[in-house]
>>> print(open('work_23.tsv').read())   # TSV, C-alpha atoms
chain	number	residue	atom	x	y	z
A	810	MET	CA	108.39	-11.07	33.94
A	811	LYS	CA	109.25	-12.64	30.60
A	812	ILE	CA	108.36	-16.27	29.90
A	813	GLU	CA	112.07	-17.13	29.42
A	814	HIS	CA	112.85	-15.82	32.89
A	815	LYS	CA	110.06	-17.89	34.39
A	816	ILE	CA	111.41	-21.02	32.69
A	817	ILE	CA	114.91	-20.33	34.00
A	818	ILE	CA	113.62	-19.82	37.56
A	819	ARG	CA	111.48	-22.96	37.35
A	820	ASP	CA	114.38	-25.08	36.06
A	821	THR	CA	116.77	-23.74	38.68
A	822	LEU	CA	114.25	-24.49	41.43
A	823	ILE	CA	113.78	-28.02	40.13
A	824	PHE	CA	117.55	-28.51	40.03
A	825	CYS	CA	118.14	-27.10	43.51
A	826	GLY	CA	115.20	-29.08	44.91
A	827	SER	CA	116.38	-32.39	43.47
A	828	LEU	CA	119.94	-31.69	44.62
A	829	LEU	CA	118.74	-30.89	48.14
A	830	ILE	CA	116.71	-34.11	48.24
A	831	LEU	CA	119.75	-36.13	47.08
A	832	LEU	CA	122.03	-34.49	49.65
A	833	ILE	CA	119.51	-35.25	52.41
A	834	ILE	CA	119.35	-38.87	51.22
A	835	VAL	CA	123.19	-39.10	51.29
A	836	PHE	CA	123.29	-37.52	54.78
A	837	TYR	CA	120.73	-39.92	56.24
A	838	THR	CA	122.25	-42.93	54.44
A	839	THR	CA	125.61	-42.03	55.99
A	840	LEU	CA	123.99	-41.88	59.43
A	841	PHE	CA	122.16	-45.14	58.76
A	842	THR	CA	125.32	-46.96	57.63
A	843	ARG	CA	127.50	-45.71	60.49
A	844	ASN	CA	126.45	-48.53	62.83
A	845	THR	CA	126.90	-51.14	60.08
A	846	TRP	CA	130.40	-49.73	59.48
A	847	LYS	CA	131.34	-49.97	63.17
A	848	ALA	CA	129.81	-53.43	63.66
A	849	GLY	CA	131.27	-54.84	60.43
A	850	LEU	CA	134.80	-53.67	61.17
A	851	LYS	CA	134.52	-54.87	64.78
A	852	LYS	CA	133.62	-58.35	63.52
A	853	GLN	CA	136.57	-58.33	61.12
A	854	THR	CA	138.96	-57.17	63.88
A	855	GLN	CA	137.68	-59.92	66.19
A	856	THR	CA	138.15	-62.52	63.42
A	857	VAL	CA	141.80	-61.52	62.92
A	858	LEU	CA	142.51	-61.51	66.67
A	859	ASP	CA	140.78	-64.89	67.10
A	860	ALA	CA	143.01	-66.28	64.36
A	861	ALA	CA	146.02	-64.99	66.34
A	862	GLN	CA	144.92	-66.54	69.64
A	863	LYS	CA	141.34	-67.70	70.04
A	864	GLY	CA	139.58	-66.54	73.20
A	865	ASN	CA	142.42	-64.28	74.30
A	866	TYR	CA	141.05	-61.03	72.90
A	867	ILE	CA	137.60	-59.51	73.29
A	868	VAL	CA	136.97	-56.47	71.07
A	869	GLY	CA	134.81	-53.90	72.84
A	870	ASP	CA	133.21	-50.54	72.03
A	871	PHE	CA	134.08	-48.22	69.17
A	872	VAL	CA	136.38	-45.36	70.18
A	873	GLN	CA	135.64	-42.05	68.47
A	874	LEU	CA	138.67	-40.10	67.26
A	875	LYS	CA	138.94	-36.41	66.44
A	876	LEU	CA	141.44	-37.02	63.65
A	877	PRO	CA	141.26	-37.19	59.83
A	878	ILE	CA	142.71	-40.72	60.06
A	879	SER	CA	139.38	-41.90	61.52
A	880	SER	CA	137.91	-42.14	58.00
A	881	ALA	CA	140.50	-44.77	57.06
A	882	SER	CA	140.50	-46.67	60.35
A	883	ALA	CA	138.41	-47.83	63.28
A	884	ILE	CA	139.51	-48.12	66.88
A	885	TYR	CA	137.93	-50.30	69.55
A	886	SER	CA	138.56	-50.85	73.21
A	887	LEU	CA	140.13	-54.26	73.85
A	888	THR	CA	140.08	-56.73	76.73
A	889	ILE	CA	143.04	-59.08	76.78
A	890	ASN	CA	142.88	-62.21	78.95
A	891	ASP	CA	146.51	-62.18	80.00
A	892	GLU	CA	148.97	-59.88	81.68
A	893	PHE	CA	148.66	-56.96	79.27
A	894	PRO	CA	147.96	-53.62	80.93
A	895	SER	CA	144.74	-51.68	80.53
A	896	PRO	CA	143.60	-49.67	78.58
A	897	SER	CA	144.22	-51.60	75.40
A	898	PHE	CA	142.94	-50.87	71.91
A	899	ALA	CA	142.33	-52.86	68.73
A	900	ILE	CA	142.87	-50.87	65.56
A	901	ILE	CA	141.90	-51.70	62.01
A	902	VAL	CA	143.58	-49.36	59.57
A	903	ARG	CA	143.88	-48.99	55.80
A	904	VAL	CA	147.57	-49.27	54.90
A	905	THR	CA	148.69	-48.60	51.33
A	906	GLY	CA	151.43	-50.89	50.13
A	907	PHE	CA	152.94	-51.73	46.74
A	908	SER	CA	149.86	-53.78	45.84
A	909	GLY	CA	147.34	-51.10	46.81
A	910	PRO	CA	145.41	-50.61	50.04
A	911	VAL	CA	145.21	-53.40	52.65
A	912	PRO	CA	143.16	-53.41	55.90
A	913	MET	CA	145.49	-54.34	58.77
A	914	VAL	CA	144.78	-55.07	62.42
A	915	PHE	CA	146.98	-53.84	65.29
A	916	ILE	CA	146.63	-53.98	69.07
A	917	SER	CA	148.01	-51.23	71.25
A	918	ASN	CA	148.56	-50.52	74.94
A	919	SER	CA	151.18	-48.88	77.12
A	920	LYS	CA	153.63	-51.73	76.32
A	921	GLY	CA	153.53	-50.83	72.64
A	922	THR	CA	151.68	-51.45	69.37
A	923	PHE	CA	151.72	-54.88	67.71
A	924	PHE	CA	150.65	-56.04	64.26
A	925	LYS	CA	148.18	-58.95	64.32
A	926	GLY	CA	147.16	-59.69	60.73
A	927	ILE	CA	145.37	-58.70	57.55
A	928	ALA	CA	141.57	-58.41	57.62
A	929	GLY	CA	139.08	-59.45	54.93
A	930	ILE	CA	141.06	-62.41	53.54
A	931	ALA	CA	140.84	-66.14	54.21
A	932	ASN	CA	144.15	-66.38	56.07
A	933	PRO	CA	144.86	-63.27	58.21
A	934	HIS	CA	148.41	-64.46	58.89
A	935	GLU	CA	149.46	-64.73	55.29
A	936	ASP	CA	152.87	-63.23	54.53
A	937	ILE	CA	152.46	-59.44	54.43
A	938	PHE	CA	154.96	-59.28	51.55
A	939	ASN	CA	152.32	-60.94	49.32
A	940	TYR	CA	150.20	-57.82	49.78
A	941	GLY	CA	153.00	-55.36	49.07
A	942	ILE	CA	153.59	-54.53	52.73
A	943	THR	CA	157.13	-54.37	54.05
A	944	ASP	CA	158.45	-54.56	57.61
A	945	SER	CA	159.37	-50.89	57.53
A	946	MET	CA	155.72	-50.02	56.77
A	947	ILE	CA	154.64	-52.05	59.80
A	948	VAL	CA	157.19	-50.25	61.98
A	949	PHE	CA	155.96	-46.89	60.63
A	950	TRP	CA	152.33	-47.69	61.46
A	951	ARG	CA	153.20	-49.12	64.90
A	952	LYS	CA	154.93	-45.87	65.79
A	953	LYS	CA	152.19	-43.74	64.28
A	954	ILE	CA	149.39	-45.59	66.12
A	955	SER	CA	151.23	-45.43	69.45
A	956	LYS	CA	151.79	-41.72	68.97
A	957	LEU	CA	148.18	-41.00	68.02
A	958	LEU	CA	146.43	-43.17	70.59
A	959	TYR	CA	148.18	-41.84	73.61
A	960	LEU	CA	147.47	-38.20	72.89
A	961	LYS	CA	144.61	-37.94	75.36
A	962	GLU	CA	142.91	-35.03	73.63
A	963	ILE	CA	142.06	-37.00	70.47
A	964	ILE	CA	139.74	-39.44	72.24
A	965	GLU	CA	136.30	-37.94	72.82
B	307	MET	CA	142.81	-36.93	17.72
B	308	LYS	CA	146.61	-36.84	17.31
B	309	LYS	CA	148.55	-40.03	18.08
B	310	SER	CA	150.33	-38.64	21.15
B	311	ALA	CA	147.11	-37.12	22.51
B	312	PHE	CA	145.38	-40.46	21.96
B	313	SER	CA	148.00	-42.43	23.93
B	314	ILE	CA	147.82	-39.90	26.78
B	315	PHE	CA	144.03	-40.19	26.76
B	316	LEU	CA	144.22	-43.99	26.69
B	317	LEU	CA	146.60	-44.14	29.65
B	318	GLY	CA	144.45	-41.57	31.48
B	319	VAL	CA	141.39	-43.71	30.84
B	320	LEU	CA	143.09	-46.88	32.02
B	321	SER	CA	144.81	-45.37	35.04
B	322	ILE	CA	141.59	-45.49	37.08
B	323	LEU	CA	142.19	-49.22	37.33
B	324	ILE	CA	145.64	-48.83	38.93
B	325	PRO	CA	144.92	-47.54	42.47
B	326	PHE	CA	142.70	-50.55	43.27
B	327	PRO	CA	144.24	-53.77	44.64
B	328	GLY	CA	144.94	-56.35	41.92
B	329	ARG	CA	142.13	-58.71	42.84
B	330	PHE	CA	139.17	-59.61	40.64
B	331	ALA	CA	136.72	-58.68	43.42
B	332	TYR	CA	137.79	-55.04	43.22
B	333	GLY	CA	137.56	-55.16	39.42
B	334	ILE	CA	133.90	-56.15	39.73
B	335	ILE	CA	133.32	-53.23	42.09
B	336	VAL	CA	135.02	-50.65	39.80
B	337	VAL	CA	133.18	-51.87	36.74
B	338	LEU	CA	129.85	-51.93	38.56
B	339	GLN	CA	130.37	-48.40	39.85
B	340	LEU	CA	131.42	-47.08	36.45
B	341	ASN	CA	128.42	-48.64	34.71
B	342	LEU	CA	125.98	-47.38	37.33
B	343	LEU	CA	127.45	-43.86	37.17
B	344	CYS	CA	127.13	-43.90	33.39
B	345	PHE	CA	123.53	-45.05	33.64
B	346	PHE	CA	122.67	-42.36	36.21
B	347	SER	CA	124.44	-39.69	34.14
B	348	LEU	CA	122.46	-40.61	31.06
B	349	LEU	CA	119.27	-40.52	33.10
B	350	VAL	CA	120.11	-37.04	34.46
B	351	GLU	CA	121.05	-35.78	31.00
B	352	PHE	CA	117.78	-37.11	29.63
B	353	LEU	CA	115.84	-35.29	32.36
B	354	ILE	CA	117.78	-32.07	31.74
B	355	LYS	CA	116.97	-32.31	28.04
B	356	LYS	CA	113.31	-32.68	28.97
B	357	LEU	CA	113.58	-29.46	30.99
B	358	LYS	CA	115.13	-27.71	27.96
B	359	ASN	CA	117.76	-25.99	30.08
B	360	GLN	CA	120.95	-27.31	28.53
B	361	SER	CA	123.23	-24.52	29.76
B	362	LEU	CA	123.28	-26.19	33.19
B	363	THR	CA	123.98	-29.71	31.88
B	364	SER	CA	127.70	-29.96	32.76
B	365	SER	CA	127.46	-28.48	36.25
B	366	MET	CA	124.35	-30.52	37.09
B	367	LEU	CA	125.93	-33.71	35.80
B	368	LEU	CA	129.07	-33.16	37.85
B	369	ILE	CA	127.14	-32.56	41.07
B	370	PHE	CA	124.89	-35.54	40.46
B	371	LEU	CA	127.91	-37.75	39.73
B	372	VAL	CA	129.49	-36.89	43.09
B	373	VAL	CA	126.20	-37.38	44.95
B	374	PHE	CA	125.58	-40.72	43.22
B	375	SER	CA	129.14	-41.82	44.05
B	376	ALA	CA	128.55	-40.97	47.71
B	377	LEU	CA	125.31	-42.96	47.63
B	378	LEU	CA	126.99	-45.95	45.99
B	379	TYR	CA	129.75	-45.81	48.63
B	380	GLN	CA	127.16	-46.01	51.39
B	381	ILE	CA	125.59	-49.02	49.67
B	382	MET	CA	129.10	-50.51	49.59
B	383	VAL	CA	129.38	-49.94	53.38
B	384	LEU	CA	126.11	-51.83	53.85
B	385	PHE	CA	127.26	-54.63	51.56
B	386	SER	CA	130.77	-55.03	53.01
B	387	PRO	CA	132.33	-52.57	55.50
B	388	ILE	CA	135.78	-54.14	55.10
B	389	ILE	CA	135.80	-53.64	51.31
B	390	ALA	CA	134.53	-50.08	51.83
B	391	LEU	CA	137.42	-49.43	54.24
B	392	THR	CA	139.93	-50.89	51.79
B	393	ILE	CA	138.69	-48.87	48.82
B	394	SER	CA	137.95	-45.73	50.85
B	395	PHE	CA	138.51	-42.47	48.88
B	396	THR	CA	139.75	-44.41	45.82
B	397	TYR	CA	136.05	-45.02	45.15
B	398	TYR	CA	135.57	-41.33	44.34
B	399	LEU	CA	138.44	-41.29	41.81
B	400	VAL	CA	136.21	-43.10	39.34
B	401	CYS	CA	133.66	-40.28	39.20
B	402	PHE	CA	136.44	-37.79	38.33
B	403	SER	CA	138.13	-40.09	35.83
B	404	SER	CA	138.96	-38.91	32.33
B	405	PHE	CA	137.09	-41.96	31.01
B	406	LEU	CA	133.79	-40.92	32.53
B	407	PHE	CA	134.36	-37.25	31.67
B	408	GLY	CA	135.34	-38.22	28.12
B	409	ILE	CA	132.11	-40.07	27.41
B	410	ILE	CA	129.57	-38.23	29.55
B	411	PHE	CA	130.56	-34.56	29.25
B	412	THR	CA	130.66	-34.51	25.46
B	413	ASN	CA	128.37	-34.54	22.47
B	414	TYR	CA	125.38	-32.83	24.07
B	415	GLU	CA	124.24	-31.77	20.61
B	416	ILE	CA	123.94	-35.26	19.04
B	417	PRO	CA	120.64	-37.17	19.44
B	418	PHE	CA	120.24	-38.81	22.84
B	419	LYS	CA	119.62	-42.28	21.38
B	420	LYS	CA	122.79	-42.12	19.28
B	421	LYS	CA	124.82	-40.96	22.29
B	422	THR	CA	123.38	-43.77	24.46
B	423	VAL	CA	124.35	-46.42	21.89
B	424	GLU	CA	127.85	-44.90	21.60
B	425	ILE	CA	128.30	-44.90	25.40
B	426	LEU	CA	127.01	-48.47	25.68
B	427	LYS	CA	129.58	-49.65	23.14
B	428	ARG	CA	132.41	-47.94	25.02
B	429	MET	CA	131.18	-49.22	28.38
B	430	ILE	CA	131.01	-52.83	27.17
B	431	THR	CA	134.55	-52.59	25.74
B	432	PHE	CA	135.91	-50.99	28.89
B	433	THR	CA	134.06	-53.44	31.18
B	434	LEU	CA	135.51	-56.45	29.35
B	435	PHE	CA	139.01	-54.95	29.34
B	436	ALA	CA	138.88	-54.03	33.04
B	437	LEU	CA	137.58	-57.46	34.09
B	438	LEU	CA	140.28	-59.21	32.05
B	439	PHE	CA	142.92	-56.89	33.51
B	440	PHE	CA	141.89	-57.67	37.10
B	441	ILE	CA	141.33	-61.40	36.59
B	442	PHE	CA	144.77	-61.74	34.97
B	443	ARG	CA	146.47	-60.01	37.92
B	444	ASP	CA	144.49	-62.07	40.43
B	445	ILE	CA	145.31	-65.41	38.80
B	446	ALA	CA	148.93	-64.60	37.92
B	447	GLY	CA	149.69	-62.94	41.25
B	448	TYR	CA	147.81	-65.05	43.77
B	449	GLY	CA	146.58	-68.11	41.85
B	450	THR	CA	143.01	-67.28	42.86
B	451	ILE	CA	139.79	-65.73	41.61
B	452	THR	CA	138.30	-63.52	44.30
B	453	LEU	CA	134.70	-62.44	44.67
B	454	PRO	CA	133.36	-59.64	46.88
B	455	VAL	CA	131.33	-60.95	49.84
B	456	HIS	CA	130.10	-59.42	53.12
B	457	ASP	CA	133.20	-60.53	55.07
B	458	GLY	CA	135.73	-59.33	52.50
B	459	LEU	CA	137.08	-61.47	49.70
B	460	LYS	CA	135.98	-65.01	48.88
B	461	GLU	CA	138.94	-66.80	47.32
B	462	ILE	CA	138.53	-69.56	44.76
B	463	VAL	CA	141.97	-71.17	44.72
B	464	LEU	CA	143.00	-72.29	41.22
B	465	PHE	CA	146.53	-73.40	42.03
B	466	GLU	CA	148.99	-73.17	44.91
B	467	ARG	CA	151.51	-70.49	44.12
B	468	SER	CA	155.17	-70.69	45.01
B	469	GLN	CA	155.95	-68.50	48.01
B	470	ASN	CA	156.28	-64.75	47.24
B	471	LYS	CA	157.44	-65.29	43.68
B	472	THR	CA	154.44	-64.20	41.66
B	473	THR	CA	152.72	-61.64	43.87
B	474	PHE	CA	154.65	-58.84	42.15
B	475	LEU	CA	152.33	-59.41	39.16
B	476	ALA	CA	149.41	-58.14	41.25
B	477	SER	CA	151.26	-55.06	42.48
B	478	ILE	CA	150.79	-51.45	41.36
B	479	PRO	CA	154.16	-51.22	39.54
B	480	ALA	CA	153.31	-54.39	37.58
B	481	GLY	CA	149.86	-52.96	36.79
B	482	ILE	CA	151.46	-49.83	35.36
B	483	ILE	CA	153.87	-51.94	33.28
B	484	PHE	CA	150.97	-54.05	31.93
B	485	LEU	CA	148.94	-50.99	30.99
B	486	ALA	CA	151.89	-49.30	29.32
B	487	SER	CA	152.69	-52.51	27.39
B	488	ILE	CA	149.08	-52.98	26.29
B	489	THR	CA	148.89	-49.34	25.14
B	490	ALA	CA	152.22	-49.61	23.29
B	491	CYS	CA	151.13	-52.86	21.56
B	492	TYR	CA	147.79	-51.34	20.59
B	493	LEU	CA	149.43	-48.25	19.09
B	494	PHE	CA	152.04	-50.34	17.26
B	495	LEU	CA	149.39	-52.64	15.75
B	496	LYS	CA	147.38	-49.60	14.70
B	497	HIS	CA	150.49	-48.15	13.07
B	498	LEU	CA	151.10	-51.46	11.22
B	499	TYR	CA	147.47	-51.54	10.07
B	500	ILE	CA	147.76	-48.02	8.63
B	501	LEU	CA	151.02	-48.93	6.83
B	502	ILE	CA	149.49	-52.10	5.32
B	503	LYS	CA	146.38	-50.21	4.25
B	504	ARG	CA	148.50	-47.49	2.62
B	505	SER	CA	150.62	-49.99	0.69
B	506	LYS	CA	147.47	-51.82	-0.49
B	507	ASP	CA	145.99	-48.51	-1.69
B	508	ALA	CA	149.22	-47.65	-3.51
B	509	HIS	CA	149.23	-51.01	-5.36
B	510	SER	CA	145.58	-50.89	-6.34
>>> encode(input="work_23.tsv", output="structure tokens")
Amino acid sequence: MKIEHKIIIRDTLIFCGSLLILLIIVFYTTLFTRNTWKAGLKKQTQTVLDAAQKGNYIVGDFVQLKLPISSASAIYSLTINDEFPSPSFAIIVRVTGFSGPVPMVFISNSKGTFFKGIAGIANPHEDIFNYGITDSMIVFWRKKISKLLYLKEIIE
Amino acid sequence: MKKSAFSIFLLGVLSILIPFPGRFAYGIIVVLQLNLLCFFSLLVEFLIKKLKNQSLTSSMLLIFLVVFSALLYQIMVLFSPIIALTISFTYYLVCFSSFLFGIIFTNYEIPFKKKTVEILKRMITFTLFALLFFIFRDIAGYGTITLPVHDGLKEIVLFERSQNKTTFLASIPAGIIFLASITACYLFLKHLYILIKRSKDAHS
């Protein structure tokens, strides 16, 4: 084998090796951050719901979805201390408005889906128009969430 | 570069700032990501040069850019899950931006030191421009300066804004208008400069 060939093989092996190591690091970091992701968004959802009515909502476990939307949202089981029927869900979802993406919190049960506020800002009940969100967008997401959540096969 | 090609390039370069919300906190995140990606790319290119296998440079750089972006996104999740959710796939747009491609995937033949200095100059200019762009939209639109924190955005209120009247300035359409205006002004001033220089040369 010529020396040039040996160099090419060596370089390719170094490249593939380093790439493999990086991909493994990304894979394990993703696994490692999954719990932080779930816990962080749960805390944010609880904060928004507390701002709506303190002590009325208790955000529960993460609900795994089999849909592409799950990368831009998180769904949790929800206990509501009033006459709302069970099961109920709290949903935090990335909605894109005229001012870019905004994380919004909804609650949903068999009575319907309701918008509760914007997450990650000081005042969750600030006017949605300030963030480029219109009422028609809210209606669209309410319908979409209701439709998705009550397809039984999507919840693992 | 021809004038029209330059303006297209300039808008392409600047358009990576548009998909992000018009808050200063997101500007800090974009700029940080762009600078880190540039630094990592230079490091990878340096290592490839050491290996003396330059035919693979572009493909290796591209793969490493994507992997580094994915790693940075995971760090973002650890830092603030809510900001990571808000930015989501927009975060990966930066690594495929014409700005990064324009400065990283070129000039392999010039000395590494010279290229590093050139990239540093461009990065500093772009960083300052991007930060000014985001801080202007944040102040004009919301009357605040926002900073990224674990629980989302920390708002430093500068003045109370009148209800709903100024938030358009922080929107995506307003961002596009600002960028187009800045580009147009820049090109016009450049045109004036060339005209003045020509007339001076003609008189002398």
>>> interface_residues(input="work_23.tsv", of="chain B", to="chain A", cutoff="7 Å", atoms="all atoms listed in the file", output="PyMOL selection string")
chain B and resi 325-328+357+359+373+376-377+380+383-384+387-388+391-392+394+457-459+470+473+476-478
>>> atom_distance(input="work_23.tsv", atom1="atom CA of B:Leu371", atom2="atom CA of B:Leu426")
17.7 Å
>>> residues_around(input="work_23.tsv", residues="stretch 329-345 of chain B", least_positions_apart="6", cutoff="7 Å", atoms="all atoms listed in the file", output="list in words")
Leu371, Val400, Met429, Thr433, Ala436, Leu437, Phe440, Ile441, Arg443, Asp444, Ile451, Thr452, Leu453, Pro454 and Leu459 of chain B
>>> atom_distance(input="work_23.tsv", atom1="atom CA of B:Leu475", atom2="atom CA of B:Ala446")
6.3 Å
>>> closest_residue(input="work_23.tsv", among="A:Leu829, A:Met946, A:Val914, A:Ile867", to="A:Ile884", atoms="all atoms listed in the file")
A:Val914
>>> residues_around(input="work_23.tsv", residues="stretch 950-958 of chain A", least_positions_apart="3", cutoff="7 Å", atoms="all atoms listed in the file", output="number ranges by chain")
A: 917, 921-923, 946-947
>>> atom_distance(input="work_23.tsv", atom1="atom CA of A:Gly864", atom2="atom CA of A:Phe898")
16.1 Å
>>> residues_around(input="work_23.tsv", residues="B:Leu353", least_positions_apart="2", cutoff="12 Å", atoms="all atoms listed in the file", output="number ranges by chain")
A: 820, 823-824, 827; B: 346-351, 355-360, 362-363, 366-367, 418
>>> closest_residue(input="work_23.tsv", among="B:Cys401, B:Leu323, B:Ile430, B:Ile416", to="B:Tyr379", atoms="only C-alpha atoms")
B:Cys401
>>> closest_residue(input="work_23.tsv", among="A:Thr943, A:Gln862, A:Asn932, A:Gln873", to="A:Ser886", atoms="all atoms listed in the file")
A:Gln873
>>> build_atoms(input="work_23.tsv", residues="stretch 404-423 of chain B", atoms="N, CA and C atoms", output="compact mmCIF listing (two decimals), keeping the file's coordinate frame")
# COMPACT_ATOMS: atom_id res chain seq x y z
N SER B 404 139.03 -39.47 33.69
CA SER B 404 138.96 -38.91 32.33
C SER B 404 138.06 -39.78 31.45
N PHE B 405 137.94 -41.07 31.80
CA PHE B 405 137.09 -41.96 31.01
C PHE B 405 135.64 -41.51 31.10
N LEU B 406 135.18 -41.32 32.33
CA LEU B 406 133.79 -40.92 32.53
C LEU B 406 133.54 -39.52 31.95
N PHE B 407 134.49 -38.62 32.20
CA PHE B 407 134.36 -37.25 31.67
C PHE B 407 134.34 -37.28 30.13
N GLY B 408 135.21 -38.15 29.58
CA GLY B 408 135.34 -38.22 28.12
C GLY B 408 134.08 -38.70 27.43
N ILE B 409 133.31 -39.55 28.09
CA ILE B 409 132.11 -40.07 27.41
C ILE B 409 130.82 -39.39 27.85
N ILE B 410 130.82 -38.84 29.06
CA ILE B 410 129.57 -38.23 29.55
C ILE B 410 129.50 -36.74 29.19
N PHE B 411 130.60 -36.02 29.42
CA PHE B 411 130.56 -34.56 29.25
C PHE B 411 130.87 -34.13 27.82
N THR B 412 130.44 -34.90 26.86
CA THR B 412 130.66 -34.51 25.46
C THR B 412 129.41 -34.79 24.64
N ASN B 413 129.43 -34.27 23.45
CA ASN B 413 128.37 -34.54 22.47
C ASN B 413 126.94 -34.30 22.98
N TYR B 414 126.74 -33.14 23.61
CA TYR B 414 125.38 -32.83 24.07
C TYR B 414 124.44 -32.59 22.88
N GLU B 415 125.07 -32.19 21.75
CA GLU B 415 124.24 -31.77 20.61
C GLU B 415 123.71 -32.95 19.78
N ILE B 416 124.40 -34.12 19.86
CA ILE B 416 123.94 -35.26 19.04
C ILE B 416 122.71 -35.89 19.69
N PRO B 417 121.86 -36.58 18.88
CA PRO B 417 120.64 -37.17 19.44
C PRO B 417 120.93 -38.09 20.62
N PHE B 418 120.03 -38.07 21.60
CA PHE B 418 120.24 -38.81 22.84
C PHE B 418 120.40 -40.32 22.59
N LYS B 419 119.58 -40.84 21.68
CA LYS B 419 119.62 -42.28 21.38
C LYS B 419 120.99 -42.68 20.85
N LYS B 420 121.49 -41.85 19.92
CA LYS B 420 122.79 -42.12 19.28
C LYS B 420 123.90 -42.09 20.35
N LYS B 421 123.81 -41.10 21.24
CA LYS B 421 124.82 -40.96 22.29
C LYS B 421 124.77 -42.18 23.23
N THR B 422 123.55 -42.62 23.56
CA THR B 422 123.38 -43.77 24.46
C THR B 422 124.03 -45.02 23.85
N VAL B 423 123.79 -45.24 22.57
CA VAL B 423 124.35 -46.42 21.89
C VAL B 423 125.89 -46.34 21.90
